[in-house]
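Peer 1: One file is attached below, structure00.csv, containing CSV, C-alpha atoms.
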```
chain,number,residue,atom,x,y,z
A,1,MET,CA,-4.1,16.7,-21.4
A,2,ASP,CA,-1.3,14.4,-20.4
A,3,MET,CA,-1.7,11.7,-17.7
A,4,GLY,CA,0.1,13.9,-15.1
A,5,LYS,CA,-2.4,16.8,-15.6
A,6,ARG,CA,-5.4,14.4,-15.7
A,7,ALA,CA,-4.1,12.7,-12.5
A,8,GLU,CA,-3.7,16.0,-10.7
A,9,GLU,CA,-7.2,17.1,-11.7
A,10,HIS,CA,-8.7,13.8,-10.5
A,11,LEU,CA,-6.8,14.1,-7.2
A,12,ARG,CA,-8.1,17.6,-6.7
A,13,THR,CA,-11.7,17.1,-7.8
A,14,LYS,CA,-12.6,13.5,-6.8
A,15,ILE,CA,-10.3,11.8,-4.3
A,16,LEU,CA,-9.4,14.7,-2.0
A,17,PRO,CA,-13.0,16.0,-1.6
A,18,PHE,CA,-14.3,12.6,-0.8
A,19,TRP,CA,-11.8,11.9,1.9
A,20,LYS,CA,-12.0,15.3,3.4
A,21,GLY,CA,-15.7,14.6,3.9
A,22,LEU,CA,-15.0,11.6,6.1
A,23,LYS,CA,-13.2,13.5,8.9
A,24,ASP,CA,-14.8,12.7,12.2
A,25,GLU,CA,-14.8,15.9,14.2
A,26,GLU,CA,-16.4,14.3,17.3
A,27,PHE,CA,-14.4,11.2,18.0
A,28,GLY,CA,-11.3,11.8,15.9
A,29,GLY,CA,-9.8,10.2,12.9
A,30,PHE,CA,-11.9,9.4,9.9
A,31,TYR,CA,-15.1,7.4,9.5
A,32,GLY,CA,-14.2,3.8,8.8
A,33,TYR,CA,-17.0,2.6,6.5
A,34,VAL,CA,-19.0,3.8,3.5
A,35,ASP,CA,-21.2,1.2,1.9
A,36,PHE,CA,-21.8,0.7,-1.8
A,37,ASP,CA,-24.8,3.0,-1.7
A,38,ARG,CA,-22.5,5.8,-0.3
A,39,LYS,CA,-24.0,5.7,3.2
A,40,ILE,CA,-21.5,6.5,5.9
A,41,ASP,CA,-21.5,4.3,9.0
A,42,ARG,CA,-20.4,6.7,11.7
A,43,GLN,CA,-20.3,3.9,14.3
A,44,ALA,CA,-18.1,1.5,12.2
A,45,VAL,CA,-14.8,0.2,13.3
A,46,LYS,CA,-11.9,2.4,12.4
A,47,GLY,CA,-9.0,0.4,11.1
A,48,CYS,CA,-5.6,1.7,12.2
A,49,ILE,CA,-4.1,0.7,8.8
A,50,LEU,CA,-6.8,2.9,7.2
A,51,ASN,CA,-5.9,5.8,9.5
A,52,SER,CA,-2.1,5.4,8.8
A,53,ARG,CA,-2.8,5.4,5.1
A,54,ILE,CA,-5.0,8.5,5.4
A,55,LEU,CA,-2.2,10.2,7.3
A,56,TRP,CA,0.2,9.2,4.5
A,57,PHE,CA,-2.2,10.5,1.8
A,58,PHE,CA,-2.8,13.9,3.2
A,59,SER,CA,0.8,14.4,4.1
A,60,ASN,CA,2.0,13.6,0.5
A,61,ALA,CA,-0.9,15.5,-1.1
A,62,ALA,CA,0.0,18.6,0.8
A,63,ALA,CA,3.6,18.3,-0.5
A,64,ALA,CA,2.7,17.3,-4.1
A,65,LEU,CA,0.1,20.1,-4.5
A,66,HIS,CA,2.0,22.7,-2.4
A,67,ASP,CA,-1.2,23.1,-0.4
A,68,ASP,CA,-0.6,23.7,3.3
A,69,SER,CA,-4.4,23.6,4.0
A,70,LEU,CA,-4.2,19.8,3.5
A,71,LEU,CA,-1.9,19.6,6.5
A,72,ALA,CA,-4.8,20.2,8.8
A,73,TYR,CA,-6.2,16.8,7.7
A,74,ALA,CA,-2.8,15.2,8.2
A,75,ASP,CA,-2.6,16.8,11.6
A,76,HIS,CA,-6.0,15.4,12.5
A,77,ALA,CA,-5.0,11.9,11.4
A,78,TRP,CA,-1.7,12.2,13.3
A,79,ARG,CA,-3.4,13.2,16.5
A,80,PHE,CA,-5.7,10.2,16.2
A,81,LEU,CA,-2.8,7.9,15.6
A,82,THR,CA,-0.9,9.3,18.5
A,83,ASP,CA,-3.7,9.5,21.0
A,84,ARG,CA,-5.7,6.4,20.1
A,85,CYS,CA,-4.1,4.0,17.7
A,86,MET,CA,-0.9,3.6,19.8
A,87,ASP,CA,-0.7,1.4,22.8
A,88,ARG,CA,1.0,3.5,25.4
A,89,GLU,CA,1.4,0.6,27.8
A,90,ASN,CA,2.8,-2.2,25.6
A,91,GLY,CA,4.0,-0.2,22.6
A,92,GLY,CA,3.0,-0.5,19.0
A,93,VAL,CA,-0.2,0.2,17.0
A,94,TYR,CA,-3.5,-1.7,17.4
A,95,TRP,CA,-5.3,-3.4,14.6
A,96,SER,CA,-8.5,-1.4,14.9
A,97,LEU,CA,-10.5,0.9,17.1
A,98,ASN,CA,-14.2,1.3,17.9
A,99,TYR,CA,-15.9,4.4,16.4
A,100,ASP,CA,-15.2,6.3,19.6
A,101,GLY,CA,-11.5,5.6,19.6
A,102,THR,CA,-11.4,2.8,22.2
A,103,PRO,CA,-9.5,-0.4,21.3
A,104,ALA,CA,-11.5,-2.9,19.2
A,105,ASP,CA,-9.0,-5.5,18.0
A,106,THR,CA,-5.7,-5.2,20.0
A,107,THR,CA,-3.7,-7.5,17.7
A,108,LYS,CA,-0.3,-6.1,16.9
A,109,HIS,CA,0.7,-6.9,13.3
A,110,THR,CA,4.0,-6.1,11.7
A,111,TYR,CA,2.2,-4.9,8.6
A,112,ASN,CA,0.3,-2.4,10.7
A,113,GLN,CA,3.5,-1.2,12.5
A,114,ALA,CA,5.1,-0.7,9.1
A,115,PHE,CA,2.3,1.4,7.7
A,116,ALA,CA,2.5,3.7,10.8
A,117,VAL,CA,6.2,4.1,10.2
A,118,TYR,CA,5.5,4.9,6.5
A,119,ALA,CA,2.9,7.5,7.4
A,120,LEU,CA,4.8,9.1,10.2
A,121,ALA,CA,7.9,9.5,8.0
A,122,SER,CA,5.9,11.2,5.3
A,123,TYR,CA,4.1,13.4,7.9
A,124,TYR,CA,7.5,14.5,9.3
A,125,ALA,CA,8.7,15.4,5.8
A,126,ALA,CA,5.5,17.4,5.1
A,127,SER,CA,5.1,19.1,8.5
A,128,GLY,CA,8.6,19.3,9.9
A,129,ARG,CA,7.2,17.9,13.2
A,130,THR,CA,10.2,16.1,14.8
A,131,GLU,CA,7.9,14.2,17.2
A,132,ALA,CA,6.5,12.3,14.3
A,133,LEU,CA,10.0,11.2,13.2
A,134,GLN,CA,10.8,10.2,16.7
A,135,GLN,CA,7.6,8.1,16.8
A,136,ALA,CA,8.6,6.5,13.4
A,137,ASN,CA,12.0,5.6,14.7
A,138,GLY,CA,10.5,4.1,17.9
A,139,LEU,CA,8.2,1.9,15.9
A,140,LEU,CA,11.0,0.9,13.6
A,141,ARG,CA,13.0,-0.2,16.6
A,142,LEU,CA,10.0,-2.1,17.9
A,143,ILE,CA,9.6,-4.0,14.6
A,144,GLU,CA,13.3,-5.0,14.7
A,145,GLU,CA,13.2,-6.0,18.3
A,146,LYS,CA,9.9,-7.8,18.6
A,147,CYS,CA,8.8,-8.8,15.0
A,148,THR,CA,11.8,-10.5,13.6
A,149,ASP,CA,13.7,-13.8,13.7
A,150,GLU,CA,16.9,-14.9,12.1
A,151,ILE,CA,15.1,-15.5,8.8
A,152,GLY,CA,12.9,-12.5,8.3
A,153,TYR,CA,9.8,-10.8,9.6
A,154,LEU,CA,7.3,-12.4,11.9
A,155,GLU,CA,3.7,-11.2,11.5
A,156,ALA,CA,0.9,-11.5,14.1
A,157,PHE,CA,1.1,-10.8,17.8
A,158,ASP,CA,-1.3,-10.2,20.7
A,159,ARG,CA,-1.4,-7.0,22.7
A,160,GLN,CA,1.8,-8.0,24.6
A,161,PHE,CA,3.6,-9.1,21.5
A,162,ARG,CA,3.2,-12.8,22.0
A,163,PRO,CA,2.8,-14.7,18.7
A,164,VAL,CA,-0.7,-15.5,17.5
A,165,GLU,CA,-2.1,-17.1,14.3
A,166,ASN,CA,-1.6,-14.9,11.2
A,167,ASP,CA,-5.2,-14.9,10.0
A,168,LYS,CA,-5.3,-11.3,9.0
A,169,LEU,CA,-2.7,-11.5,6.3
A,170,SER,CA,-3.5,-15.0,5.2
A,171,GLU,CA,-6.0,-15.8,2.4
A,172,ASN,CA,-6.8,-18.4,-0.2
A,173,GLY,CA,-7.4,-21.1,2.4
A,174,VAL,CA,-4.0,-21.1,4.0
A,175,VAL,CA,-2.6,-19.6,7.2
A,176,ALA,CA,0.9,-18.3,6.5
A,177,GLU,CA,3.6,-17.7,9.1
A,178,LYS,CA,5.2,-15.2,6.8
A,179,THR,CA,4.0,-13.3,3.7
A,180,MET,CA,5.5,-11.4,0.8
A,181,ASN,CA,2.9,-8.7,1.4
A,182,THR,CA,4.2,-7.8,4.9
A,183,LEU,CA,7.8,-7.9,3.8
A,184,LEU,CA,7.0,-5.6,0.9
A,185,HIS,CA,5.4,-3.0,3.1
A,186,VAL,CA,8.2,-3.1,5.8
A,187,PHE,CA,10.5,-2.5,2.8
A,188,GLU,CA,8.3,0.5,1.7
A,189,ALA,CA,8.3,2.0,5.1
A,190,TYR,CA,12.0,1.7,5.6
A,191,THR,CA,12.6,3.2,2.2
A,192,GLU,CA,10.6,6.3,3.3
A,193,MET,CA,12.6,6.5,6.5
A,194,CYS,CA,15.8,6.6,4.5
A,195,ARG,CA,14.3,9.2,2.1
A,196,VAL,CA,13.3,11.7,4.8
A,197,SER,CA,16.1,11.2,7.3
A,198,ASP,CA,19.5,9.7,7.9
A,199,CYS,CA,18.5,6.2,9.2
A,200,PRO,CA,21.4,3.7,9.0
A,201,ARG,CA,19.4,0.9,10.7
A,202,ALA,CA,16.7,1.2,8.1
A,203,ALA,CA,19.3,1.2,5.3
A,204,LYS,CA,21.0,-1.9,6.6
A,205,ARG,CA,17.7,-3.7,6.9
A,206,LEU,CA,16.7,-2.6,3.3
A,207,GLU,CA,19.8,-4.5,2.1
A,208,PHE,CA,18.7,-7.6,4.2
A,209,MET,CA,15.2,-7.4,2.6
A,210,MET,CA,16.5,-7.1,-0.9
A,211,ASN,CA,18.6,-10.1,-0.4
A,212,THR,CA,15.6,-12.0,1.0
A,213,ILE,CA,13.6,-11.0,-2.1
A,214,ALA,CA,16.3,-12.2,-4.4
A,215,GLU,CA,17.0,-15.5,-2.5
A,216,LYS,CA,13.6,-16.5,-1.1
A,217,ILE,CA,10.7,-14.5,-2.4
A,218,TYR,CA,11.4,-14.2,-6.1
A,219,ASN,CA,11.0,-17.4,-8.2
A,220,PRO,CA,13.4,-17.1,-11.1
A,221,GLN,CA,11.9,-20.1,-13.0
A,222,LEU,CA,8.4,-18.6,-13.0
A,223,ARG,CA,9.5,-14.9,-13.0
A,224,ARG,CA,7.2,-14.1,-10.1
A,225,GLN,CA,7.2,-13.7,-6.4
A,226,GLU,CA,5.8,-16.4,-4.1
A,227,VAL,CA,3.2,-15.1,-1.7
A,228,PHE,CA,2.6,-17.3,1.4
A,229,PHE,CA,5.3,-19.0,3.3
A,230,ASP,CA,6.1,-21.1,6.3
A,231,ARG,CA,8.5,-19.9,9.0
A,232,GLU,CA,11.6,-20.9,6.9
A,233,LEU,CA,10.2,-19.0,3.9
A,234,ASN,CA,9.2,-22.1,1.9
A,235,SER,CA,6.2,-21.3,-0.4
A,236,ILE,CA,3.0,-23.0,0.7
A,237,LEU,CA,0.6,-22.1,-2.1
A,238,ASP,CA,0.8,-21.9,-5.9
A,239,LEU,CA,-0.4,-18.3,-6.2
A,240,HIS,CA,0.7,-15.5,-8.5
A,241,SER,CA,-0.4,-12.1,-7.3
A,242,TYR,CA,-0.3,-9.8,-10.3
A,243,GLY,CA,-0.9,-6.6,-8.4
A,244,HIS,CA,1.7,-7.3,-5.8
A,245,ASP,CA,4.3,-8.1,-8.5
A,246,ILE,CA,3.9,-4.9,-10.4
A,247,GLU,CA,3.8,-2.9,-7.2
A,248,THR,CA,7.0,-4.6,-6.0
A,249,ALA,CA,8.8,-3.8,-9.2
A,250,TRP,CA,8.5,-0.1,-8.8
A,251,LEU,CA,8.7,0.0,-5.0
A,252,VAL,CA,12.0,-2.0,-5.1
A,253,ASP,CA,13.3,0.4,-7.8
A,254,ARG,CA,12.4,3.3,-5.5
A,255,GLY,CA,14.3,1.6,-2.7
A,256,LEU,CA,17.3,1.1,-4.9
A,257,GLU,CA,17.2,4.8,-5.9
A,258,VAL,CA,17.0,6.0,-2.3
A,259,LEU,CA,19.6,3.5,-1.0
A,260,GLY,CA,22.2,4.2,-3.8
A,261,ASN,CA,23.9,0.9,-3.3
A,262,ASP,CA,25.5,-0.2,-6.7
A,263,ALA,CA,25.8,-3.8,-5.6
A,264,MET,CA,22.1,-4.0,-4.6
A,265,THR,CA,21.1,-2.3,-7.8
A,266,ALA,CA,23.0,-4.8,-9.9
A,267,ARG,CA,21.3,-7.6,-8.1
A,268,LEU,CA,17.7,-6.4,-7.8
A,269,SER,CA,17.2,-4.3,-11.0
A,270,PRO,CA,17.1,-7.4,-13.3
A,271,ILE,CA,14.5,-8.9,-11.0
A,272,THR,CA,12.3,-5.8,-11.2
A,273,ARG,CA,12.6,-5.8,-15.0
A,274,ALA,CA,11.6,-9.5,-15.1
A,275,LEU,CA,8.6,-8.9,-12.8
A,276,THR,CA,7.4,-6.0,-15.0
A,277,ALA,CA,7.9,-8.0,-18.2
A,278,ARG,CA,6.1,-11.1,-16.8
A,279,ILE,CA,3.1,-9.1,-15.6
A,280,TYR,CA,2.8,-7.4,-19.0
A,281,GLU,CA,2.9,-10.8,-20.7
A,282,ARG,CA,0.6,-12.7,-18.3
A,283,ALA,CA,-1.9,-10.3,-16.7
A,284,TYR,CA,-2.4,-7.3,-19.0
A,285,THR,CA,-5.5,-7.8,-21.0
A,286,GLY,CA,-8.7,-6.0,-21.8
A,287,HIS,CA,-7.2,-2.6,-21.1
A,288,SER,CA,-6.6,-3.6,-17.5
A,289,LEU,CA,-4.8,-6.1,-15.1
A,290,LEU,CA,-6.2,-9.4,-13.9
A,291,ASN,CA,-6.2,-9.9,-10.2
A,292,GLU,CA,-4.3,-13.1,-9.5
A,293,CYS,CA,-3.8,-16.7,-10.5
A,294,GLU,CA,-4.3,-19.5,-8.0
A,295,ARG,CA,-3.2,-23.0,-9.0
A,296,GLY,CA,-3.3,-22.1,-12.7
A,297,ALA,CA,-6.8,-20.4,-12.6
A,298,ASP,CA,-7.1,-16.7,-13.2
A,299,ASN,CA,-9.2,-14.5,-11.1
A,300,THR,CA,-10.6,-12.0,-13.6
A,301,SER,CA,-11.9,-9.3,-11.2
A,302,ARG,CA,-10.4,-5.9,-11.8
A,303,ILE,CA,-9.5,-4.7,-8.3
A,304,TRP,CA,-9.1,-1.0,-7.7
A,305,TRP,CA,-5.6,-1.1,-6.1
A,306,VAL,CA,-4.3,-3.5,-8.7
A,307,GLN,CA,-5.1,-1.2,-11.5
A,308,ALA,CA,-3.6,1.8,-9.7
A,309,GLU,CA,-0.3,0.0,-9.1
A,310,ALA,CA,-0.2,-1.3,-12.7
A,311,VAL,CA,-0.2,2.3,-14.0
A,312,ILE,CA,2.8,3.3,-11.8
A,313,GLY,CA,4.5,0.0,-12.4
A,314,PHE,CA,4.3,0.1,-16.2
A,315,TYR,CA,5.2,3.8,-16.3
A,316,ASN,CA,8.2,3.0,-14.1
A,317,GLY,CA,9.1,0.1,-16.4
A,318,TRP,CA,9.1,2.4,-19.4
A,319,GLN,CA,11.3,5.0,-17.6
A,320,LYS,CA,13.8,2.3,-16.9
A,321,GLU,CA,13.7,0.9,-20.5
A,322,PRO,CA,12.5,3.7,-22.8
A,323,GLU,CA,12.7,1.3,-25.8
A,324,ARG,CA,9.8,-0.7,-24.2
A,325,THR,CA,7.2,1.8,-25.4
A,326,GLU,CA,4.5,-0.9,-24.9
A,327,TYR,CA,4.9,-0.2,-21.2
A,328,LEU,CA,4.0,3.4,-21.6
A,329,GLU,CA,1.1,2.5,-23.8
A,330,ALA,CA,-0.1,0.0,-21.1
A,331,ALA,CA,0.1,2.7,-18.4
A,332,GLU,CA,-1.9,5.1,-20.5
A,333,ASP,CA,-4.4,2.4,-21.4
A,334,ILE,CA,-5.0,1.2,-17.8
A,335,PHE,CA,-5.3,4.8,-16.7
A,336,GLY,CA,-8.0,5.4,-19.2
A,337,TYR,CA,-9.8,2.2,-18.1
A,338,ILE,CA,-9.7,3.4,-14.5
A,339,MET,CA,-11.2,6.8,-15.4
A,340,GLU,CA,-14.0,5.1,-17.4
A,341,LYS,CA,-14.7,1.9,-15.4
A,342,LEU,CA,-13.4,2.1,-11.8
A,343,VAL,CA,-14.1,5.7,-10.9
A,344,ASP,CA,-17.6,5.8,-9.5
A,345,PRO,CA,-19.5,8.5,-11.4
A,346,ARG,CA,-22.0,9.0,-8.6
A,347,GLU,CA,-21.8,12.3,-6.7
A,348,GLY,CA,-20.2,11.9,-3.2
A,349,SER,CA,-18.3,8.7,-4.1
A,350,GLU,CA,-14.8,7.8,-5.1
A,351,TRP,CA,-13.7,4.5,-6.8
A,352,TYR,CA,-15.5,1.2,-6.8
A,353,TRP,CA,-13.7,-1.7,-5.0
A,354,GLU,CA,-13.8,-3.8,-8.1
A,355,VAL,CA,-15.5,-4.4,-11.5
A,356,ASP,CA,-16.0,-7.6,-13.4
A,357,GLU,CA,-14.3,-8.6,-16.6
A,358,ASN,CA,-16.9,-6.5,-18.5
A,359,GLY,CA,-16.1,-3.4,-16.5
A,360,VAL,CA,-19.3,-3.6,-14.5
A,361,PRO,CA,-19.4,-3.1,-10.7
A,362,ALA,CA,-21.1,-6.5,-10.2
A,363,SER,CA,-20.4,-6.8,-6.4
A,364,ARG,CA,-21.6,-4.4,-3.8
A,365,LYS,CA,-18.3,-4.1,-1.9
A,366,PRO,CA,-18.0,-0.9,0.1
A,367,ILE,CA,-16.4,2.3,-1.1
A,368,VAL,CA,-14.5,2.6,2.2
A,369,GLU,CA,-13.6,-0.1,4.8
A,370,PRO,CA,-10.4,-0.9,6.7
A,371,TRP,CA,-8.6,-1.9,3.6
A,372,LYS,CA,-10.2,0.5,1.1
A,373,CYS,CA,-8.3,3.7,1.3
A,374,PRO,CA,-6.8,6.7,-0.6
A,375,TYR,CA,-3.3,5.2,-0.5
A,376,HIS,CA,-3.1,3.3,-3.8
A,377,ASN,CA,-5.2,5.6,-6.0
A,378,GLY,CA,-3.9,8.8,-4.4
A,379,ARG,CA,-0.3,7.6,-4.8
A,380,MET,CA,-1.0,6.7,-8.5
A,381,CYS,CA,-2.0,10.3,-9.0
A,382,MET,CA,1.0,11.8,-7.2
A,383,GLU,CA,3.5,9.5,-8.9
A,384,LEU,CA,2.1,10.4,-12.3
A,385,MET,CA,2.2,14.1,-11.5
A,386,LYS,CA,5.9,13.8,-10.6
A,387,ARG,CA,7.0,11.4,-13.3
A,388,CYS,CA,5.2,13.1,-16.1
A,389,ALA,CA,6.7,16.4,-15.1
A,390,GLU,CA,10.1,14.9,-15.3
A,391,LYS,CA,9.6,13.3,-18.7
```
So that I can check it, write out the structure of this file as structure tokens.

Peer 2:
Amino acid sequence: MDMGKRAEEHLRTKILPFWKGLKDEEFGGFYGYVDFDRKIDRQAVKGCILNSRILWFFSNAAAALHDDSLLAYADHAWRFLTDRCMDRENGGVYWSLNYDGTPADTTKHTYNQAFAVYALASYYAASGRTEALQQANGLLRLIEEKCTDEIGYLEAFDRQFRPVENDKLSENGVVAEKTMNTLLHVFEAYTEMCRVSDCPRAAKRLEFMMNTIAEKIYNPQLRRQEVFFDRELNSILDLHSYGHDIETAWLVDRGLEVLGNDAMTARLSPITRALTARIYERAYTGHSLLNECERGADNTSRIWWVQAEAVIGFYNGWQKEPERTEYLEAAEDIFGYIMEKLVDPREGSEWYWEVDENGVPASRKPIVEPWKCPYHNGRMCMELMKRCAEK
């Protein structure tokens, strides 16, 4: 059985049943926390990013599997996003809600707005609901009007869109005013808007973001992206995020495909090739991908989302350069590693958050929490289904 067929089977038999089971019929949305022992906390905070990613997941799964029954789950997530996650008074999407749908953390983050755009665009494509496209366009306008400066995308705001410290997207002991991660996911959301509709504003901003990646984010000497920045987009930490680089490589290629701009393709395609090659050289080891490298020291944890993005990224790299058969072999190798090591074999579970360098789930990180979602692994399955069918 090829990877595409195996991915479809995994999607149908493991990932979809698990997330269907987290639907909250009483308070709306989906339960926000499942601990390592598979216990659902029905009173846990519900992350709005998690809900957007679930909306994206069921919308795309319905389309990929030609299964309209999955739209009922997307509809459920969309109603929760519309009725609870969106701030009707001040605009935008909250950071998180209490289990009953009341606001918990009213921070407005650009990253969060972008994921709502991404999800709503996909939901519109799957359902034909024009209200969802209108909502996506409204949030896109909000991002451009409230979350930008002359240099790029600002990040964290309070409920009234006054700037606050960007602690939610900062890690590794620094507080960044701007991040590669937020830029990447605004890019991803705008790509989806251009894919599903005629959106000149998104297309224009995609060109701006690609130029920013080429001029400010990508480090040509090190063949990597920088991660954390000050306001002027000066890097503030020596950090190489392997997962983000391989994810960026294929997401930028997808943006180039959707945009169809020859000049942008000529400028960015060599960068995505270089990112893929560097990750293959530097981070692919032990049938899997290392996590990141901070100040020259590798973090050897095998993180669930990093492995999922590596499979798509290397497969995409092989499709661009068919002579690089080592990329196809790496995608197949990491996919096998995921099935053997990262997929939780216990009934009623999904994927572990991480395993150690020996492939053992040494930590007890949860199966679901505000960042642990069906977006990366579900997308891996759907991308493989599509790409392997086209082979």

Peer 1: Each residue of stretch 23-128 of chain A lying at most 12 Å from stretch 351-355 of chain A should get a row with its shortest atom-to-atom pair and the distance in Å to one decimal, counting all atoms listed in the file; could you produce that, ordered by chain and increasing number, as a tab-separated table?

Peer 2:
```
residue	atom	partner	partner_atom	distance
A:Val34	CA	A:Tyr352	CA	11.2
A:Asp35	CA	A:Tyr352	CA	10.4
A:Phe36	CA	A:Tyr352	CA	8.1
A:Asp37	CA	A:Tyr352	CA	10.8
A:Arg38	CA	A:Tyr352	CA	10.6
```

Peer 1: Would you mind reading off the distance between atom CA of A:Lys386 and atom CA of A:Gly4, one decimal, in Å?

Peer 2: 7.3 Å

Peer 1: Output as a Markdown table one row per residue of stretch 187-264 of chain A within 6 Å of stretch 268-280 of chain A: the closest atom pair and its distance in Å to one decimal place, counting all atoms listed in the file, sorted by chain and residue number ascending.

Peer 2:
```
| residue | atom | partner | partner_atom | distance |
| --- | --- | --- | --- | --- |
| A:Ile246 | CA | A:Thr276 | CA | 5.9 |
| A:Ala249 | CA | A:Thr272 | CA | 4.5 |
| A:Met264 | CA | A:Leu268 | CA | 5.9 |
```

Peer 1: So that I can see what lies close to A:Glu131, please list as a tab-separated table (two decimals) with C-alpha atoms, keeping the file's coordinate frame the residues with an atom at most 10 Å from it, counting all atoms listed in the file and leaving out residues fewer than 6 positions away in the same chain.

Peer 2:
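Okay, this is what ended up in result-v2.tsv:
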```
chain	number	residue	atom	x	y	z
A	120	LEU	CA	4.80	9.10	10.20
A	124	TYR	CA	7.50	14.50	9.30
A	137	ASN	CA	12.00	5.60	14.70
```

Peer 1: Do you have the atom CA of A:Lys108-atom CA of A:Leu169 distance handy?

Peer 2: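 Atom CA of A:Lys108 sits 12.1 Å away from atom CA of A:Leu169.
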
Peer 1: Distance table requested - stretch 228-276 of chain A against stretch 380-385 of chain A, cut-off 12 Å, all atoms listed in the file: one row per qualifying residue with the closest atom pair and its distance in Å to one decimal, ordered by chain and rising residue number, as JSON lines.

Peer 2:
```
{"residue": "A:Glu247", "atom": "CA", "partner": "A:Met380", "partner_atom": "CA", "distance": 10.8}
{"residue": "A:Trp250", "atom": "CA", "partner": "A:Glu383", "partner_atom": "CA", "distance": 10.8}
{"residue": "A:Leu251", "atom": "CA", "partner": "A:Glu383", "partner_atom": "CA", "distance": 11.5}
{"residue": "A:Arg254", "atom": "CA", "partner": "A:Glu383", "partner_atom": "CA", "distance": 11.4}
```

Peer 1: Around (-3.6, 3.9, 20.9), as given in the file, which residues come within 7 Å? Count all atoms listed in the file and list them as a ChimeraX atom specification.

Peer 2: /A:81-88,93-94

Peer 1: Would you mind telling me which residue in A:Glu292, A:Glu8, A:Asp230, A:Glu215 lies nearest to A:Arg387 when using only C-alpha atoms?

Peer 2: A:Glu8

Peer 1: What lies within 10 Å of A:Leu140 using all atoms listed in the file, ignoring chain neighbours under 6 positions off, as an mmCIF file with C-alpha atoms, keeping the file's coordinate frame?

Peer 2:
```
data_model
loop_
_atom_site.group_PDB
_atom_site.id
_atom_site.type_symbol
_atom_site.label_atom_id
_atom_site.label_comp_id
_atom_site.auth_asym_id
_atom_site.auth_seq_id
_atom_site.Cartn_x
_atom_site.Cartn_y
_atom_site.Cartn_z
ATOM 1 C CA GLY A 92 3.000 -0.500 19.000
ATOM 2 C CA GLN A 113 3.500 -1.200 12.500
ATOM 3 C CA ALA A 114 5.100 -0.700 9.100
ATOM 4 C CA ALA A 116 2.500 3.700 10.800
ATOM 5 C CA VAL A 117 6.200 4.100 10.200
ATOM 6 C CA TYR A 118 5.500 4.900 6.500
ATOM 7 C CA GLN A 134 10.800 10.200 16.700
ATOM 8 C CA VAL A 186 8.200 -3.100 5.800
ATOM 9 C CA ALA A 189 8.300 2.000 5.100
ATOM 10 C CA TYR A 190 12.000 1.700 5.600
ATOM 11 C CA MET A 193 12.600 6.500 6.500
ATOM 12 C CA ARG A 201 19.400 0.900 10.700
ATOM 13 C CA ALA A 202 16.700 1.200 8.100
#
```

Peer 1: When you count only C-alpha atoms, which of these residues is closest to A:Met3: A:Lys391, A:Lys46, A:Arg162, A:His376?

Peer 2: A:Lys391

Peer 1: Skipping near chain neighbours, those fewer than 2 positions away, what residues fall within 10 Å of A:Leu22 using all atoms listed in the file, listed as a PyMOL selection string?

Peer 2: chain A and resi 17-20+24-25+29-34+40+42+368

Peer 1: Set the distance at 12 Å and use all atoms listed in the file: which residues neighbour A:Ile15 once local chain neighbours fewer than 6 positions away are removed? I'd like the list as a PyMOL selection string.

Peer 2: chain A and resi 7-9+21-22+54+57-58+61+343-344+347-351+367+373-382

Peer 1: Go through A:Thr130, A:Thr325, A:Ser288, A:Ser59 and flag the residue nearest A:Ala308, using all atoms listed in the file for the distances.

Peer 2: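 Going through A:Thr130, A:Thr325, A:Ser288, A:Ser59 one by one, the smallest distance to A:Ala308 is for A:Ser288.
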
Peer 1: Using the atoms already present, construct N, CA and C atoms for stretch 238-246 of chain A and hand them back as a short mmCIF file (atom, residue, chain, number, x, y, z; two decimals), in the frame of the given file.

Peer 2:
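rebuild17.cif, freshly written:
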```cif
data_model
loop_
_atom_site.label_atom_id
_atom_site.label_comp_id
_atom_site.auth_asym_id
_atom_site.auth_seq_id
_atom_site.Cartn_x
_atom_site.Cartn_y
_atom_site.Cartn_z
N ASP A 238 0.53 -22.31 -4.54
CA ASP A 238 0.80 -21.90 -5.90
C ASP A 238 -0.12 -20.70 -6.25
N LEU A 239 0.42 -19.52 -6.03
CA LEU A 239 -0.40 -18.30 -6.20
C LEU A 239 0.53 -17.22 -6.85
N HIS A 240 0.02 -16.60 -7.89
CA HIS A 240 0.70 -15.50 -8.50
C HIS A 240 -0.16 -14.23 -8.35
N SER A 241 0.31 -13.31 -7.52
CA SER A 241 -0.40 -12.10 -7.30
C SER A 241 0.06 -11.00 -8.21
N TYR A 242 -0.71 -10.75 -9.25
CA TYR A 242 -0.30 -9.80 -10.30
C TYR A 242 -0.08 -8.41 -9.76
N GLY A 243 -1.01 -7.97 -8.94
CA GLY A 243 -0.90 -6.60 -8.40
C GLY A 243 0.30 -6.41 -7.54
N HIS A 244 0.59 -7.40 -6.68
CA HIS A 244 1.70 -7.30 -5.80
C HIS A 244 3.06 -7.30 -6.61
N ASP A 245 3.10 -8.08 -7.68
CA ASP A 245 4.30 -8.10 -8.50
C ASP A 245 4.64 -6.82 -9.16
N ILE A 246 3.63 -6.20 -9.75
CA ILE A 246 3.90 -4.90 -10.40
C ILE A 246 4.15 -3.82 -9.41
#
```
